[in-house]
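**Student:** Quick one: structure below, then a few questions.
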Amino acid sequence: MKRAGQKVVAGTEAPGTSQTNKKQKTSLHGSGFGESYPCTSMDWGSLPHHVILRVFQFLTLVDRARASSVCRRWNEVFHIPDLWRRFEFELSQPATSYLKSTHPDLIQQIIKRHADHLQYVSFKVDSSTESAEAACDILSQLVNCSIKTLGLISTAKPSFMNVSKAHFASALTVVFVNSKSLSSIKIDDTPLDDPSLKVLVANNSDTLKLLKMSSCPHVSPAGILCVADQCHGLKELALNYYILSDELLLALSSEKHVDLEHLRIDVVSENPGQVQFHTIKKQSWDALVRHSPKVNIVMYFFLYEDEFDAFFREETPVTHLYFGRAVSKAMLGRIGMNCPRLIELVVCANGLQPLDDELIRIAERCKNLTAMGLGECEVTCRGFIEFVKMCGGRLTQLSIMEEVLIPDSDYSLDRLHLEVSKHLGRMWFPDMMPTW
């Protein structure tokens with residue numbers, strides 16, 4: 001890449017080319033065929049500002065800094081405020097991460113000049129404590145910021161959880177107090193605590209719309225109740241099931257709240273038998289749906305088979321269900337009986353017993369079901385076709401591994417895809433196990 005005023009030219013001038021319409025050619029001899037391809041001359045310094053700005057937006061901070069040395073024009077674009085409204089800081093230890101580490105001095109220079117321009121900011125860190133502490137140090141410098149979206153993303157655990165709670169809370173307080181216009185926050189797997197949430201609410205209650213904070217063990221139900229009681233514009237909330245309570249659902253259902261659009265609940269067990277899961281009353285779920293009739297209730301389950309007893313014993317207004325571990329036939333049967341609002345169901349694994357009856361019951365009772373995915377399960381071809389026939393063309397997404405389907409006397413795998421395609425109203429094939 002040349003500096004401004006110089007041309008990037010390859011090849012030689014073709015005979016007969018006029019001075020006003022010059023074209024250069026370059027030969028790619030590596031292919032062995034000796035073809036020639038035209039290559040127009042390019043003055044990189046004359047590119048329009050908006051084109052250079054678009055290029056910069058795809059670059060990491062380090063690459064942006066390098067590109068700014070191409071020419072004076074590119075350096076000017078490097079300091080345009082629009083470039084710094086949205087940015088992701090990538091922090092890592094080179095020996096422990098595939099991510100490109102960013103030098104602290106460069107980050108400090110950018111913050112000093114553009115802190116008041118930053119609106120969307122995320123920190124992507126690896127598993128090292130040093131990277132998480134560096135992110136906290138940067139957060140502490142954002143005293144003149146006007147951030148609207150904040151994300152703390154760990155590419156591997158434990159990162160932020162190894163930072164002292166006092167250091168983390170102090171860094172967050174700087175952003176929570178100075179921004180005053182935060183609308184979207186994603187801070188999963190962090191030592192966030194109730195006092196920090198109170199600071200957030202005290203300074204951003206009128207603007208907060210999305211709060212994702214799964215796997216934050218220092219947050220209690222009282223902390224979430226504080227958010228629910230005072231952030232009347234809250235639209236999306238993501239949390240762990242242990243924080244969910246009847247009181248919280250009733251708080252989200254109060255008249256002063258606008259309609260909640262998305263509620264994501266992670267139900268996670270690391271050690272089988274160590275956690276006793278509580279049950280949410282049907283009346284509390286009903287109150288939430290009455291207040292927010294279009295709310296999507298998304299539940300991610302990472303439990304062992306003997307830990308599902310507390311769930312779906314009564315009607316539950318869940319709309320999206322994802323099972324990351326094996327789930328029993330009995331549990332799937334309860335879903336068919338008690339989840340009438342279900343829109344999407346993904347089952348990672350079940351076992352070696354066919355799920356024909358359970359799927360047919362789900363098709364009968366879950367009239368809103370439009371998406372289904374099955375992993376390590378078993379379903380007979382006859383049962384699967386009956387399920388698809390009952391759901392009809394409303395199944396917009398249907399992902400089933402071929403190994404899941406058991407041929408029977410009525411249907412082979414070859415005939416199966418024709419029958420399913422007919423009932424779906426479009427061509428369909430089961431997914432194939434990839435071969436490497």
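Residue numbering restarts at 1 in every chain; chains get A, B, ... in the order shown in the structure tokens, and ligands count up from 1 in that same order.
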Quick one: which region 235-337 of chain A residues come within 10 Å of region 213-227 of chain A, and what is the nearest atom pair for each with the distance in Å to one decimal, counting only C-alpha atoms, rows ordered by chain and ascending number, as a tab-separated table?
**Tutor:**
```
residue	atom	partner	partner_atom	distance
A:Leu237	CA	A:Met213	CA	8.1
A:Ala238	CA	A:Met213	CA	5.9
A:Leu239	CA	A:Ser214	CA	4.4
A:Asn240	CA	A:Ser214	CA	5.2
A:Tyr241	CA	A:Ser214	CA	8.9
A:Tyr242	CA	A:Pro221	CA	8.2
A:Ile243	CA	A:Pro221	CA	4.9
A:Leu244	CA	A:Pro221	CA	6.9
A:Ser245	CA	A:Pro221	CA	7.3
A:Glu247	CA	A:Leu225	CA	7.9
A:Leu248	CA	A:Leu225	CA	5.8
A:Leu249	CA	A:Leu225	CA	9.2
A:Leu250	CA	A:Leu225	CA	9.8
A:Ala251	CA	A:Leu225	CA	7.0
A:Leu252	CA	A:Leu225	CA	8.6
A:Arg264	CA	A:Ser214	CA	9.1
A:Ile265	CA	A:Ser214	CA	8.1
A:Asp266	CA	A:Ser214	CA	7.0
A:Val267	CA	A:Ser214	CA	9.8
A:Val268	CA	A:Ser215	CA	9.0
```
**Student:** Just asking: which residues within region 269-303 of chain A are strand (DSSP E or B) according to DSSP, as JSON, numbers by chain?
**Tutor:** {"A": [296, 297, 298, 299, 300, 301, 302]}
**Student:** Quick one: residues within 9 Å of Val404 (chain A), only C-alpha atoms counted, chain neighbours fewer than 6 positions away excluded, as a PyMOL selection string?
**Tutor:** chain A and resi 374-380
**Student:** Write out as a list in words each polymer residue whose atoms come within 12 Å of region 406-415 of chain A, counting only C-alpha atoms; drop sequence neighbours fewer than 5 positions from it.
**Tutor:**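 In the requested form, the answer reads Leu352, Gln353, Pro354, Leu355, Asp356, Cys377, Glu378, Val379, Thr380, Cys381, Arg382, Gly383, Phe384, Ile385, Glu386, Ile400, Met401, Val420, Ser421, Lys422, Trp428, Phe429, Pro430 and Asp431 of chain A.
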**Student:** Residues of the last selection are to be written out with N, CA and C atoms, as a short mmCIF file (atom, residue, chain, number, x, y, z; two decimals), in the first residue's frame.
**Tutor:**
```cif
data_model
loop_
_atom_site.label_atom_id
_atom_site.label_comp_id
_atom_site.auth_asym_id
_atom_site.auth_seq_id
_atom_site.Cartn_x
_atom_site.Cartn_y
_atom_site.Cartn_z
N LEU A 352 -32.54 -43.59 23.71
CA LEU A 352 -32.77 -44.61 22.68
C LEU A 352 -34.23 -45.01 22.58
N GLN A 353 -35.15 -44.25 23.16
CA GLN A 353 -36.57 -44.56 23.07
C GLN A 353 -37.22 -43.60 22.08
N PRO A 354 -37.97 -44.10 21.09
CA PRO A 354 -38.61 -43.23 20.10
C PRO A 354 -39.54 -42.21 20.76
N LEU A 355 -39.54 -41.01 20.22
CA LEU A 355 -40.32 -39.90 20.77
C LEU A 355 -41.59 -39.64 19.98
N ASP A 356 -42.11 -40.64 19.28
CA ASP A 356 -43.27 -40.43 18.42
C ASP A 356 -44.45 -39.82 19.18
N CYS A 377 -31.57 -38.05 19.22
CA CYS A 377 -32.84 -38.62 19.63
C CYS A 377 -33.20 -39.73 18.65
N GLU A 378 -34.37 -40.36 18.87
CA GLU A 378 -34.87 -41.34 17.93
C GLU A 378 -36.36 -41.11 17.69
N VAL A 379 -36.73 -41.12 16.40
CA VAL A 379 -38.13 -40.97 15.99
C VAL A 379 -38.34 -41.89 14.80
N THR A 380 -39.43 -42.64 14.79
CA THR A 380 -39.70 -43.48 13.62
C THR A 380 -40.12 -42.60 12.45
N CYS A 381 -39.88 -43.06 11.24
CA CYS A 381 -40.28 -42.29 10.06
C CYS A 381 -41.79 -42.06 10.06
N ARG A 382 -42.56 -43.07 10.46
CA ARG A 382 -44.02 -42.93 10.49
C ARG A 382 -44.43 -41.86 11.50
N GLY A 383 -43.85 -41.88 12.68
CA GLY A 383 -44.18 -40.90 13.70
C GLY A 383 -43.77 -39.49 13.29
N PHE A 384 -42.62 -39.37 12.65
CA PHE A 384 -42.15 -38.06 12.23
C PHE A 384 -43.06 -37.46 11.16
N ILE A 385 -43.48 -38.29 10.21
CA ILE A 385 -44.37 -37.80 9.17
C ILE A 385 -45.72 -37.39 9.76
N GLU A 386 -46.21 -38.13 10.75
CA GLU A 386 -47.46 -37.75 11.39
C GLU A 386 -47.32 -36.40 12.10
N ILE A 400 -33.53 -31.84 11.48
CA ILE A 400 -33.47 -33.17 12.06
C ILE A 400 -32.29 -33.91 11.43
N MET A 401 -31.42 -34.47 12.25
CA MET A 401 -30.33 -35.27 11.73
C MET A 401 -30.88 -36.57 11.14
N VAL A 420 -42.48 -35.56 3.66
CA VAL A 420 -42.32 -34.37 4.49
C VAL A 420 -42.38 -33.12 3.63
N SER A 421 -41.73 -33.13 2.49
CA SER A 421 -41.75 -31.98 1.58
C SER A 421 -43.17 -31.65 1.16
N LYS A 422 -43.97 -32.68 0.92
CA LYS A 422 -45.36 -32.47 0.49
C LYS A 422 -46.15 -31.75 1.58
N TRP A 428 -37.63 -30.51 1.31
CA TRP A 428 -36.97 -30.70 2.61
C TRP A 428 -36.17 -31.98 2.60
N PHE A 429 -34.98 -31.92 3.23
CA PHE A 429 -34.14 -33.10 3.42
C PHE A 429 -33.65 -33.10 4.87
N PRO A 430 -33.44 -34.28 5.46
CA PRO A 430 -32.84 -34.31 6.80
C PRO A 430 -31.40 -33.84 6.73
N ASP A 431 -30.90 -33.34 7.86
CA ASP A 431 -29.51 -32.89 7.91
C ASP A 431 -28.58 -34.11 7.91
#
```
**Student:** How far is it from CA of Lys157 (chain A) to CA of Gln276 (chain A), in Å with one decimal?
**Tutor:**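 Calculated distance between CA of Lys157 (chain A) and CA of Gln276 (chain A) is 24.5 Å.
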**Student:** Which of region 29-196 of chain A end up as helix (DSSP H, G or I) when DSSP is run on this backbone - answer as a PyMOL selection string?
**Tutor:** chain A and resi 29-31+44-46+49-57+61-67+72-78+81-84+104-114+129-140+159-162+165-179+194-196
**Student:** Please provide as number ranges by chain all residues within 6 Å of Thr370 (chain A), with the sequence filter that same-chain residues fewer than 5 positions apart are discarded (counting only C-alpha atoms).
**Tutor:** A: 343, 394-396
**Student:** Can you work out the spacing between CA of Thr173 (chain A) and CA of Ser254 (chain A) in Å, to one decimal?
**Tutor:** 28.5 Å
